[in-house]
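Student: I am sharing my_file.cif, which consists of mmCIF, C-alpha atoms:
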```
data_my_file
#
loop_
_atom_site.label_atom_id
_atom_site.label_comp_id
_atom_site.auth_asym_id
_atom_site.auth_seq_id
_atom_site.Cartn_x
_atom_site.Cartn_y
_atom_site.Cartn_z
CA MET F 1 16.56 35.91 28.62
CA SER F 2 19.44 35.72 26.15
CA SER F 3 18.94 36.26 22.44
CA SER F 4 20.01 32.68 21.63
CA MET F 5 17.29 31.29 23.94
CA VAL F 6 14.71 33.52 22.24
CA ALA F 7 15.89 32.28 18.84
CA LYS F 8 15.65 28.66 20.04
CA GLY F 9 12.13 29.33 21.25
CA HIS F 10 11.17 30.67 17.84
CA VAL F 11 12.72 27.64 16.12
CA ALA F 12 10.94 25.24 18.49
CA ARG F 13 7.63 27.04 17.90
CA TRP F 14 7.88 27.06 14.12
CA PHE F 15 9.45 23.68 13.43
CA ARG F 16 7.02 21.38 15.19
CA ARG F 17 6.32 18.08 13.49
CA GLY F 18 2.52 18.00 13.76
CA PRO F 19 1.43 20.97 11.60
CA TRP F 20 4.21 20.46 9.04
CA GLU F 21 3.28 16.81 8.64
CA SER F 22 -0.31 17.86 8.07
CA ILE F 23 0.81 20.30 5.35
CA ALA F 24 2.97 17.61 3.70
CA MET F 25 0.11 15.09 3.81
CA THR F 26 -2.28 17.67 2.32
CA LEU F 27 0.21 18.22 -0.52
CA ILE F 28 0.48 14.47 -1.16
CA GLY F 29 -3.31 14.01 -1.06
CA GLY F 30 -3.89 17.06 -3.27
CA GLY F 31 -1.24 15.84 -5.72
CA ILE F 32 -2.88 12.42 -5.99
CA ILE F 33 -6.27 14.04 -6.65
CA MET F 34 -4.64 16.27 -9.30
CA LEU F 35 -3.09 13.17 -10.90
CA VAL F 36 -6.37 11.29 -11.37
CA GLN F 37 -8.97 14.06 -11.75
CA PRO F 38 -10.73 14.11 -15.14
CA TRP F 39 -11.22 17.90 -15.58
CA SER F 40 -7.95 19.72 -16.29
CA ILE F 41 -4.80 18.47 -17.98
CA ASP F 42 -2.90 21.42 -16.48
CA LEU F 43 -3.66 20.13 -13.00
CA TYR F 44 -2.51 16.70 -14.16
CA SER F 45 0.74 18.18 -15.48
CA TYR F 46 1.59 19.74 -12.10
CA SER F 47 0.47 16.73 -10.05
CA PHE F 48 3.81 14.94 -9.94
CA VAL F 49 5.68 18.03 -8.73
CA THR F 50 3.07 18.46 -5.98
CA ILE F 51 3.29 14.83 -4.86
CA LEU F 52 7.10 14.94 -4.96
CA ALA F 53 7.17 18.15 -2.89
CA GLY F 54 4.78 16.62 -0.36
CA THR F 55 6.68 13.35 -0.13
CA VAL F 56 10.13 14.94 0.22
CA GLY F 57 8.63 17.44 2.66
CA PHE F 58 7.11 14.63 4.71
CA VAL F 59 10.45 12.82 4.95
CA VAL F 60 12.14 16.05 6.10
CA VAL F 61 9.49 17.22 8.60
CA SER F 62 9.14 13.76 10.16
CA HIS F 63 12.58 14.47 11.69
CA PHE F 64 11.31 17.64 13.39
CA PRO F 65 10.73 17.51 17.17
CA GLU F 66 7.20 16.75 18.41
CA MET T 67 32.85 -12.12 61.86
CA THR T 68 33.33 -13.91 58.60
CA THR T 69 35.46 -12.25 56.04
CA ILE T 70 35.06 -13.18 52.40
CA LEU T 71 38.32 -12.95 50.64
CA GLN T 72 38.30 -12.09 46.97
CA PRO T 73 40.86 -14.18 45.10
CA ASP T 74 43.63 -12.08 43.75
CA HIS T 75 44.60 -13.74 40.46
CA ALA T 76 47.59 -11.57 40.05
CA THR T 77 49.07 -13.08 43.16
CA ILE T 78 48.31 -16.72 42.29
CA PRO T 79 50.99 -18.17 40.08
CA GLY T 80 49.75 -19.55 36.75
CA VAL T 81 46.44 -17.64 36.76
CA SER T 82 46.30 -14.59 34.58
CA LYS T 83 44.57 -11.40 35.63
CA PRO T 84 40.87 -11.32 34.49
CA VAL T 85 40.38 -8.96 31.67
CA THR T 86 37.36 -6.71 31.32
CA SER T 87 34.46 -8.07 29.24
CA ARG T 88 35.04 -5.54 26.49
CA ALA T 89 38.66 -6.41 26.15
CA ALA T 90 37.76 -10.13 26.24
CA ARG T 91 35.46 -9.67 23.30
CA ARG T 92 38.17 -7.89 21.39
CA VAL T 93 40.90 -10.39 22.19
CA HIS T 94 39.10 -13.75 22.18
CA GLY T 95 36.58 -13.25 19.39
CA LEU T 96 34.27 -10.92 17.57
CA SER T 97 32.36 -8.21 19.35
CA ASP T 98 28.56 -8.42 19.71
CA ARG T 99 28.26 -5.56 17.28
CA THR T 100 30.36 -7.33 14.64
CA ILE T 101 28.38 -10.56 15.06
CA ALA T 102 25.13 -8.60 14.69
CA TRP T 103 26.44 -6.99 11.50
CA LEU T 104 27.53 -10.39 10.16
CA PHE T 105 24.00 -11.73 10.61
CA VAL T 106 22.36 -8.69 9.05
CA ALA T 107 24.86 -8.23 6.20
CA PRO T 108 23.44 -10.92 3.81
CA THR T 109 19.95 -9.41 4.13
CA ILE T 110 21.26 -5.90 3.51
CA ALA T 111 23.30 -7.13 0.53
CA LEU T 112 20.25 -8.88 -0.92
CA LEU T 113 18.08 -5.83 -0.34
CA LEU T 114 20.64 -3.58 -2.03
CA ALA T 115 20.98 -5.99 -4.96
CA ILE T 116 17.31 -6.61 -5.70
CA ASN T 117 15.62 -3.43 -4.45
CA ILE T 118 17.89 -0.42 -4.16
CA PHE T 119 20.18 -1.04 -7.13
CA PRO T 120 17.32 -1.53 -9.67
CA LEU T 121 15.63 1.58 -8.26
CA ILE T 122 18.75 3.70 -8.72
CA TRP T 123 19.28 2.17 -12.19
CA MET T 124 15.68 2.98 -13.11
CA ILE T 125 16.09 6.59 -11.96
CA ARG T 126 19.17 6.84 -14.18
CA LEU T 127 17.33 5.30 -17.17
CA SER T 128 14.38 7.67 -16.76
CA PHE T 129 16.62 10.53 -17.87
CA THR T 130 17.72 8.73 -21.04
CA ASN T 131 16.20 7.89 -24.43
CA LEU T 132 16.87 4.14 -24.07
CA ASN T 133 14.70 2.01 -26.34
CA LEU T 134 15.52 -1.69 -26.00
CA SER T 135 14.27 -2.53 -29.50
CA MET T 136 16.94 -0.14 -30.80
CA SER T 137 19.63 -0.76 -28.22
CA TYR T 138 22.34 -0.29 -30.86
CA LEU T 139 21.64 3.45 -30.73
CA PRO T 140 23.87 5.44 -28.37
CA LEU T 141 22.36 6.17 -24.98
CA ARG T 142 21.51 9.87 -24.85
CA PHE T 143 20.71 11.95 -21.76
CA VAL T 144 17.36 13.68 -22.37
CA GLY T 145 16.88 15.41 -19.01
CA LEU T 146 13.24 15.70 -17.97
CA ASP T 147 11.83 15.03 -21.47
CA ASN T 148 10.35 11.64 -20.53
CA PHE T 149 8.58 13.16 -17.52
CA ARG T 150 7.33 16.06 -19.66
CA ASP T 151 6.02 13.60 -22.28
CA ILE T 152 4.14 11.57 -19.67
CA LEU T 153 2.70 14.56 -17.84
CA THR T 154 1.31 16.03 -21.07
CA ASP T 155 0.14 12.71 -22.55
CA GLU T 156 -3.65 12.42 -22.53
CA ASP T 157 -3.51 8.62 -22.91
CA VAL T 158 -1.60 8.21 -19.65
CA TRP T 159 -3.98 10.69 -18.04
CA PHE T 160 -6.98 8.56 -19.15
CA ARG T 161 -5.28 5.39 -17.89
CA LEU T 162 -4.81 7.07 -14.50
CA GLN T 163 -8.49 8.01 -14.47
CA THR T 164 -9.42 4.40 -15.28
CA THR T 165 -7.20 3.32 -12.39
CA ALA T 166 -8.85 5.83 -10.07
CA GLN T 167 -12.34 4.63 -11.08
CA PHE T 168 -11.28 1.04 -10.42
CA VAL T 169 -9.72 1.98 -7.05
CA ILE T 170 -12.74 4.00 -5.86
CA SER T 171 -15.35 1.40 -6.96
CA SER T 172 -13.54 -1.64 -5.66
CA VAL T 173 -12.46 -0.09 -2.34
CA ALA T 174 -15.98 1.27 -1.68
CA LEU T 175 -17.51 -2.13 -2.38
CA GLN T 176 -14.87 -3.92 -0.32
CA VAL T 177 -15.49 -1.64 2.66
CA VAL T 178 -19.26 -2.18 2.53
CA VAL T 179 -18.98 -5.97 2.07
CA GLY T 180 -16.05 -6.34 4.48
CA PHE T 181 -17.70 -4.29 7.22
CA GLY T 182 -20.97 -6.19 6.78
CA LEU T 183 -19.16 -9.52 7.04
CA ALA T 184 -17.27 -8.30 10.12
CA LEU T 185 -20.57 -7.37 11.81
CA LEU T 186 -21.89 -10.86 11.06
CA ILE T 187 -18.76 -12.73 12.13
CA ASN T 188 -18.51 -10.64 15.31
CA ARG T 189 -21.64 -12.42 16.61
CA GLN T 190 -21.18 -15.85 18.15
CA PHE T 191 -23.08 -18.52 16.25
CA ARG T 192 -22.79 -22.21 15.45
CA GLY T 193 -20.07 -22.94 12.86
CA HIS T 194 -18.55 -19.51 13.46
CA SER T 195 -14.94 -20.69 12.94
CA PHE T 196 -15.83 -22.74 9.87
CA TRP T 197 -17.52 -19.80 8.14
CA THR T 198 -14.69 -17.45 9.08
CA THR T 199 -12.20 -19.82 7.40
CA ILE T 200 -14.41 -20.15 4.30
CA ILE T 201 -14.73 -16.36 4.01
CA LEU T 202 -10.97 -15.89 4.37
CA LEU T 203 -10.07 -18.44 1.67
CA PRO T 204 -10.07 -16.08 -1.37
CA MET T 205 -7.62 -13.75 0.34
CA MET T 206 -5.12 -16.58 0.73
CA LEU T 207 -5.04 -17.39 -2.98
CA SER T 208 -2.48 -15.99 -5.38
CA PRO T 209 -3.84 -13.28 -7.74
CA ALA T 210 -2.59 -15.39 -10.66
CA VAL T 211 -4.72 -18.33 -9.49
CA VAL T 212 -7.72 -16.05 -8.93
CA GLY T 213 -7.30 -14.49 -12.38
CA ASN T 214 -7.12 -17.91 -14.06
CA PHE T 215 -10.06 -19.54 -12.38
CA TRP T 216 -12.30 -16.48 -12.73
CA THR T 217 -11.42 -16.47 -16.43
CA LEU T 218 -12.84 -20.01 -16.54
CA LEU T 219 -15.85 -19.12 -14.40
CA LEU T 220 -16.66 -16.17 -16.67
CA GLN T 221 -16.35 -18.08 -19.96
CA PRO T 222 -19.54 -17.30 -21.95
CA GLN T 223 -19.87 -20.88 -23.28
CA ILE T 224 -18.78 -23.13 -20.43
CA GLY T 225 -18.50 -20.80 -17.40
CA PRO T 226 -21.06 -21.31 -14.61
CA PHE T 227 -21.25 -17.56 -13.88
CA ASN T 228 -23.15 -16.78 -17.08
CA TYR T 229 -25.54 -19.68 -16.39
CA LEU T 230 -26.18 -18.30 -12.91
CA ILE T 231 -26.94 -14.84 -14.32
CA SER T 232 -29.20 -16.37 -16.99
CA LEU T 233 -31.22 -18.04 -14.23
CA PHE T 234 -32.13 -14.62 -12.85
CA THR T 235 -32.33 -12.57 -16.03
CA GLY T 236 -33.51 -15.10 -18.61
CA ALA T 237 -30.82 -13.97 -21.06
CA PRO T 238 -29.04 -16.86 -22.87
CA PRO T 239 -25.68 -17.60 -21.16
CA SER T 240 -23.60 -17.17 -24.29
CA SER T 241 -25.27 -13.88 -25.23
CA PHE T 242 -22.96 -11.79 -23.06
CA SER T 243 -19.31 -11.85 -22.06
CA MET T 244 -18.34 -10.41 -18.69
CA THR T 245 -14.73 -9.78 -19.74
CA GLY T 246 -15.35 -9.02 -23.39
CA GLN T 247 -17.96 -6.26 -23.28
CA VAL T 248 -17.12 -2.61 -22.73
CA ALA T 249 -20.00 -2.07 -20.30
CA LEU T 250 -19.30 -5.18 -18.21
CA ALA T 251 -15.52 -5.58 -18.16
CA PRO T 252 -14.77 -2.74 -15.65
CA TRP T 253 -17.39 -4.15 -13.26
CA THR T 254 -15.96 -7.64 -13.68
CA ILE T 255 -12.53 -6.62 -12.38
CA VAL T 256 -14.21 -4.73 -9.52
CA LEU T 257 -16.29 -7.83 -8.70
CA VAL T 258 -13.32 -10.21 -8.72
CA ASP T 259 -11.14 -7.85 -6.70
CA THR T 260 -13.93 -7.40 -4.15
CA TRP T 261 -14.43 -11.18 -3.95
CA MET T 262 -10.73 -11.57 -3.23
CA TRP T 263 -10.06 -8.68 -0.85
CA ALA T 264 -13.29 -8.01 1.06
CA PRO T 265 -12.19 -10.69 3.60
CA TYR T 266 -9.08 -8.65 4.30
CA VAL T 267 -11.19 -5.57 5.04
CA MET T 268 -13.37 -7.83 7.18
CA LEU T 269 -10.34 -8.87 9.26
CA ILE T 270 -9.33 -5.25 9.90
CA CYS T 271 -12.91 -4.27 10.77
CA LEU T 272 -13.20 -7.30 13.05
CA ALA T 273 -10.12 -6.09 14.95
CA GLY T 274 -11.84 -2.71 15.32
CA LEU T 275 -15.12 -4.23 16.49
CA ARG T 276 -13.37 -6.47 19.04
CA SER T 277 -11.49 -3.46 20.44
CA ILE T 278 -14.74 -1.79 21.55
CA PRO T 279 -15.18 -2.49 25.29
CA ASP T 280 -18.41 -4.28 26.28
CA TYR T 281 -19.19 -1.79 29.05
CA ILE T 282 -19.99 0.90 26.46
CA TYR T 283 -22.73 -1.28 24.99
CA GLU T 284 -23.92 -2.16 28.51
CA ALA T 285 -24.19 1.56 29.34
CA ALA T 286 -26.12 2.10 26.09
CA GLU T 287 -28.47 -0.78 27.02
CA VAL T 288 -29.08 0.84 30.40
CA ASP T 289 -29.92 4.09 28.59
CA ARG T 290 -32.36 2.08 26.41
CA ALA T 291 -30.53 2.92 23.18
CA SER T 292 -31.84 0.94 20.21
CA ALA T 293 -29.54 -1.38 18.22
CA TRP T 294 -29.61 1.14 15.35
CA ARG T 295 -28.63 3.98 17.70
CA GLN T 296 -25.84 1.85 19.20
CA PHE T 297 -24.50 1.17 15.71
CA TRP T 298 -24.42 4.85 14.69
CA SER T 299 -23.19 6.22 18.04
CA ILE T 300 -20.79 3.51 19.22
CA THR T 301 -19.89 0.86 16.64
CA LEU T 302 -19.32 3.02 13.57
CA PRO T 303 -17.39 5.93 15.20
CA MET T 304 -15.11 3.53 17.06
CA THR T 305 -14.40 1.47 13.94
CA VAL T 306 -13.73 4.44 11.64
CA PRO T 307 -9.92 4.55 12.27
CA PHE T 308 -9.72 0.87 11.31
CA LEU T 309 -11.86 1.50 8.24
CA MET T 310 -9.53 4.35 7.27
CA LEU T 311 -6.62 1.97 7.56
CA ALA T 312 -8.33 -0.61 5.36
CA VAL T 313 -9.28 2.05 2.79
CA LEU T 314 -5.74 3.41 2.57
CA PHE T 315 -4.13 -0.02 2.35
CA ARG T 316 -6.52 -1.31 -0.28
CA ALA T 317 -6.31 1.95 -2.27
CA ILE T 318 -2.51 1.68 -2.42
CA GLU T 319 -2.66 -2.00 -3.39
CA ASN T 320 -5.31 -1.42 -6.07
CA PHE T 321 -3.43 1.54 -7.50
CA LYS T 322 -0.59 -0.90 -8.22
CA MET T 323 -2.92 -3.71 -9.35
CA PHE T 324 -1.53 -5.59 -12.34
CA ASP T 325 -1.52 -9.39 -12.21
CA MET T 326 -5.20 -10.15 -11.73
CA VAL T 327 -6.45 -7.59 -14.27
CA ASN T 328 -3.80 -8.64 -16.78
CA LEU T 329 -4.98 -12.24 -16.54
CA LEU T 330 -8.69 -11.39 -16.63
CA THR T 331 -8.92 -8.80 -19.39
CA SER T 332 -5.35 -7.76 -20.37
CA GLY T 333 -6.65 -4.20 -20.31
CA GLY T 334 -9.41 -4.92 -22.83
CA PRO T 335 -11.80 -4.75 -24.51
CA GLY T 336 -9.96 -1.95 -26.31
CA SER T 337 -8.47 -0.06 -23.42
CA THR T 338 -11.54 -0.09 -21.16
CA THR T 339 -9.77 -1.80 -18.28
CA GLU T 340 -6.24 -0.69 -19.09
CA LEU T 341 -4.95 0.37 -15.71
CA VAL T 342 -1.80 2.47 -15.52
CA SER T 343 0.25 -0.57 -14.49
CA ILE T 344 -0.80 -2.39 -17.67
CA SER T 345 0.01 0.75 -19.65
CA LEU T 346 3.45 0.73 -18.03
CA LYS T 347 4.00 -2.92 -18.96
CA ARG T 348 3.01 -2.18 -22.56
CA ALA T 349 5.38 0.79 -22.77
CA ALA T 350 8.24 -1.23 -21.29
CA PHE T 351 7.83 -4.68 -22.85
CA GLU T 352 5.74 -4.20 -25.99
CA LYS T 353 6.91 -0.81 -27.25
CA TRP T 354 10.32 -1.23 -25.53
CA ARG T 355 10.39 2.47 -24.53
CA THR T 356 12.60 1.82 -21.52
CA GLY T 357 13.48 5.43 -20.66
CA TYR T 358 9.85 6.54 -20.92
CA SER T 359 8.53 3.58 -18.91
CA SER T 360 11.19 4.13 -16.24
CA ALA T 361 9.96 7.72 -15.84
CA LEU T 362 6.35 6.48 -15.59
CA ALA T 363 7.42 3.89 -13.01
CA ILE T 364 9.07 6.65 -10.96
CA ILE T 365 5.90 8.76 -11.06
CA LEU T 366 3.89 5.77 -9.81
CA PHE T 367 6.55 4.93 -7.21
CA VAL T 368 6.56 8.47 -5.77
CA THR T 369 2.73 8.46 -5.71
CA VAL T 370 2.59 5.13 -3.86
CA PHE T 371 5.43 6.18 -1.53
CA GLY T 372 3.58 9.40 -0.66
CA ALA T 373 0.34 7.52 -0.03
CA ALA T 374 2.26 4.96 2.06
CA ASN T 375 3.54 7.79 4.28
CA ILE T 376 -0.06 8.80 4.99
CA TYR T 377 -0.89 5.13 5.61
CA VAL T 378 1.92 4.72 8.17
CA LYS T 379 0.89 7.95 9.90
CA THR T 380 -2.72 6.70 10.14
CA LEU T 381 -1.49 3.31 11.37
CA ASN T 382 0.44 5.00 14.19
CA LYS T 383 -2.64 7.00 15.15
CA VAL T 384 -4.70 3.79 15.30
CA LYS T 385 -1.97 2.14 17.42
CA GLN T 386 -2.01 5.04 19.89
CA ARG T 387 -5.77 4.77 20.25
#
```
Mind turning the file's structure into structure tokens?
Tutor:
Amino acid sequence: MSSSMVAKGHVARWFRRGPWESIAMTLIGGGIIMLVQPWSIDLYSYSFVTILAGTVGFVVVSHFPE
Amino acid sequence: MTTILQPDHATIPGVSKPVTSRAARRVHGLSDRTIAWLFVAPTIALLLAINIFPLIWMIRLSFTNLNLSMSYLPLRFVGLDNFRDILTDEDVWFRLQTTAQFVISSVALQVVVGFGLALLINRQFRGHSFWTTIILLPMMLSPAVVGNFWTLLLQPQIGPFNYLISLFTGAPPSSFSMTGQVALAPWTIVLVDTWMWAPYVMLICLAGLRSIPDYIYEAAEVDRASAWRQFWSITLPMTVPFLMLAVLFRAIENFKMFDMVNLLTSGGPGSTTELVSISLKRAAFEKWRTGYSSALAIILFVTVFGAANIYVKTLNKVKQR
């Protein structure tokens, strides 16, 4: 097996849509909870960055192969 | 043997050689692709003009100190200052908590009422279609209309709602105001929103209930499963994806809720029912802090966009089911 095929196999194994989409959705969900929770203003301050990372991540990973 | 002769145009005088279909399109008129683009172009232009351009303009404004009440001042680039101000502002944080409380209460109530109505409507009974239409009526009304007529219904002096409550509680009708009291106002907007949108949840749940094949219930009957057992083991698990869909859709819609609440309470009394959308309107059109309100609008937009991604993903899962 050539090295390029091995590399492609690694890429295909790591960049699958399913798990990455789950991570992105968890980030979005977590960010929304951080935005509206009533306990810590620090969590509130970092909520937008978390939601933004999740949303941008979701857009990117939704182009990954199944 | 019969031989079919193909006419050779090149050999017949006065008849030109047939051109290929592609070439014909190019020579005699517009290509299919061009025609398709011509039809789509006005829509794209409109979309760019009324959706995309204002969005890009708003993103630009969110990085500036623009205040429309002092528009004579030079426009200054302030970087992420507006975002920093919002994300450290306790008032905005409280408004978001109020919004979350409204979303959670109203969506929970809508799911319970909507699912209950769907279970009732799913049975065949006399006047089934009539009652379905009656139940769906509130959903078809504009939120502005709903806000106005509930304002009338809830009037302490002349509104029939207070009289109805007084029948059950014995309290004088004008002794309480549903939209004017701190303890009642949040529940009033939840009540009106549930009245309006529970039928929508009912429709989604009804689709879920109708998608359950009859043979599953027949098998459960054969196994002597009680109606209660059938509900918990068949009906509810098979309707959950549809319920999830309804919850997500209603949560996104209620997060953006403005018109109905603005008409009913305008965020009052005090700021008890001031949702973040009303806060945004106040920042933009009462305090004229355009840069600040643009940044807040972007935060809300990204939040709703992120939630919408989850919604679409769930929708696809339900479709595949």
Student: Could you please determine the separation between atom CA of T:Trp123 and atom CA of T:Thr356 in Å, to one decimal place?
Tutor: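 Taking atom CA of T:Trp123 as the start and atom CA of T:Thr356 as the end point, the length is 11.5 Å.
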Student: Residues of chain F that approach chain T to 7 Å or less, counting only C-alpha atoms: could you list each one with the shortest pair of atoms and its distance in Å to one decimal, rows by chain and increasing residue number, as JSON lines?
Tutor:
```
{"residue": "F:Met25", "atom": "CA", "partner": "T:Ile376", "partner_atom": "CA", "distance": 6.4}
{"residue": "F:Ile28", "atom": "CA", "partner": "T:Gly372", "partner_atom": "CA", "distance": 6.0}
{"residue": "F:Ile32", "atom": "CA", "partner": "T:Thr369", "partner_atom": "CA", "distance": 6.9}
{"residue": "F:Val36", "atom": "CA", "partner": "T:Gln163", "partner_atom": "CA", "distance": 5.0}
{"residue": "F:Gln37", "atom": "CA", "partner": "T:Gln163", "partner_atom": "CA", "distance": 6.7}
{"residue": "F:Pro38", "atom": "CA", "partner": "T:Gln163", "partner_atom": "CA", "distance": 6.5}
{"residue": "F:Tyr44", "atom": "CA", "partner": "T:Leu153", "partner_atom": "CA", "distance": 6.7}
{"residue": "F:Ser45", "atom": "CA", "partner": "T:Leu153", "partner_atom": "CA", "distance": 4.7}
{"residue": "F:Phe48", "atom": "CA", "partner": "T:Ile365", "partner_atom": "CA", "distance": 6.6}
{"residue": "F:Ile51", "atom": "CA", "partner": "T:Thr369", "partner_atom": "CA", "distance": 6.5}
{"residue": "F:Leu52", "atom": "CA", "partner": "T:Val368", "partner_atom": "CA", "distance": 6.5}
{"residue": "F:Thr55", "atom": "CA", "partner": "T:Gly372", "partner_atom": "CA", "distance": 5.0}
```
Student: Taking the file as I've supplied it (selection: the PyMOL selection byres ((chain T and resi 346-348) around 10)), which residues are included? Please answer as a PyMOL selection string.
Tutor: chain T and resi 158+161+324+328+340-345+349-356+358-363+366
Student: Could you list the residues chosen by the PyMOL selection byres ((chain F and resi 20) around 12) in this structure as a compact mmCIF listing (two decimals) with C-alpha atoms, keeping the file's coordinate frame?
Tutor:
```txt
# COMPACT_ATOMS: atom_id res chain seq x y z
CA ARG F 13 7.63 27.04 17.90
CA TRP F 14 7.88 27.06 14.12
CA PHE F 15 9.45 23.68 13.43
CA ARG F 16 7.02 21.38 15.19
CA ARG F 17 6.32 18.08 13.49
CA GLY F 18 2.52 18.00 13.76
CA PRO F 19 1.43 20.97 11.60
CA GLU F 21 3.28 16.81 8.64
CA SER F 22 -0.31 17.86 8.07
CA ILE F 23 0.81 20.30 5.35
CA ALA F 24 2.97 17.61 3.70
CA MET F 25 0.11 15.09 3.81
CA THR F 26 -2.28 17.67 2.32
CA LEU F 27 0.21 18.22 -0.52
CA GLY F 54 4.78 16.62 -0.36
CA THR F 55 6.68 13.35 -0.13
CA VAL F 56 10.13 14.94 0.22
CA GLY F 57 8.63 17.44 2.66
CA PHE F 58 7.11 14.63 4.71
CA VAL F 59 10.45 12.82 4.95
CA VAL F 60 12.14 16.05 6.10
CA VAL F 61 9.49 17.22 8.60
CA SER F 62 9.14 13.76 10.16
CA HIS F 63 12.58 14.47 11.69
CA PHE F 64 11.31 17.64 13.39
CA PRO F 65 10.73 17.51 17.17
CA GLU F 66 7.20 16.75 18.41
```
Student: Figure out the distance between atom CA of T:Arg189 and atom CA of T:Val384, please, to one decimal in Å.
Tutor: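 Answer for the atom CA of T:Val384 to atom CA of T:Arg189 separation: 23.5 Å.
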Student: Kindly provide, as lines of an AutoDock Vina configuration file, the centre and edge lengths (Å, one decimal) of an axis-aligned box around all atoms of stretch 21-30 of chain F given in the file, with 4 Å on each side.
Tutor:
```
center_x = -0.3
center_y = 17.2
center_z = 2.7
size_x = 15.2
size_y = 14.3
size_z = 19.9
```
Student: Can you measure atom CA of T:Leu272 to atom CA of T:Trp298 for me? One decimal in Å is fine.
Tutor: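 Atom-to-atom, atom CA of T:Leu272 to atom CA of T:Trp298, that is 16.6 Å.
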Student: For a quick check of understanding, using all atoms listed in the file, which of T:Thr339, T:Ala111, T:Ile122, T:Asn131 has the smallest distance to T:Thr254?
Tutor: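 Using all atoms listed in the file, T:Thr254 sits closest to T:Thr339.
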Student: Tell me which residues the PyMOL selection byres ((chain T and resi 194-206) around 7) grabs here, as JSON, numbers by chain.
Tutor: {"T": [187, 190, 191, 192, 193, 207, 208, 262, 263, 265, 266]}
Student: Would you please work out which residue, of T:Val258, T:Ile118, T:Leu269, T:Leu185, is nearest to T:Phe297 when using only C-alpha atoms?
Tutor: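 Using only C-alpha atoms, T:Phe297 sits closest to T:Leu185.
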Student: Which residue gives the smallest distance to T:Leu186 among T:Met244, T:Ile318, T:Leu275, T:Ile300, with only C-alpha atoms counted?
Tutor: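 Comparing T:Met244, T:Ile318, T:Leu275, T:Ile300 against T:Leu186, the winner is T:Leu275.
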Student: In terms of the shortest atom-to-atom distance over all atoms listed in the file, which of T:Leu141, T:Leu96, T:Val267, T:Leu330 is closest to T:Arg126?
Tutor: T:Leu141
Student: With all atoms listed in the file as the atoms that count, which of T:Pro239, T:Gly182, T:Pro140, T:Pro108 lies nearest to T:Phe227?
Tutor: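 Closest to T:Phe227 of all the choices is T:Pro239.
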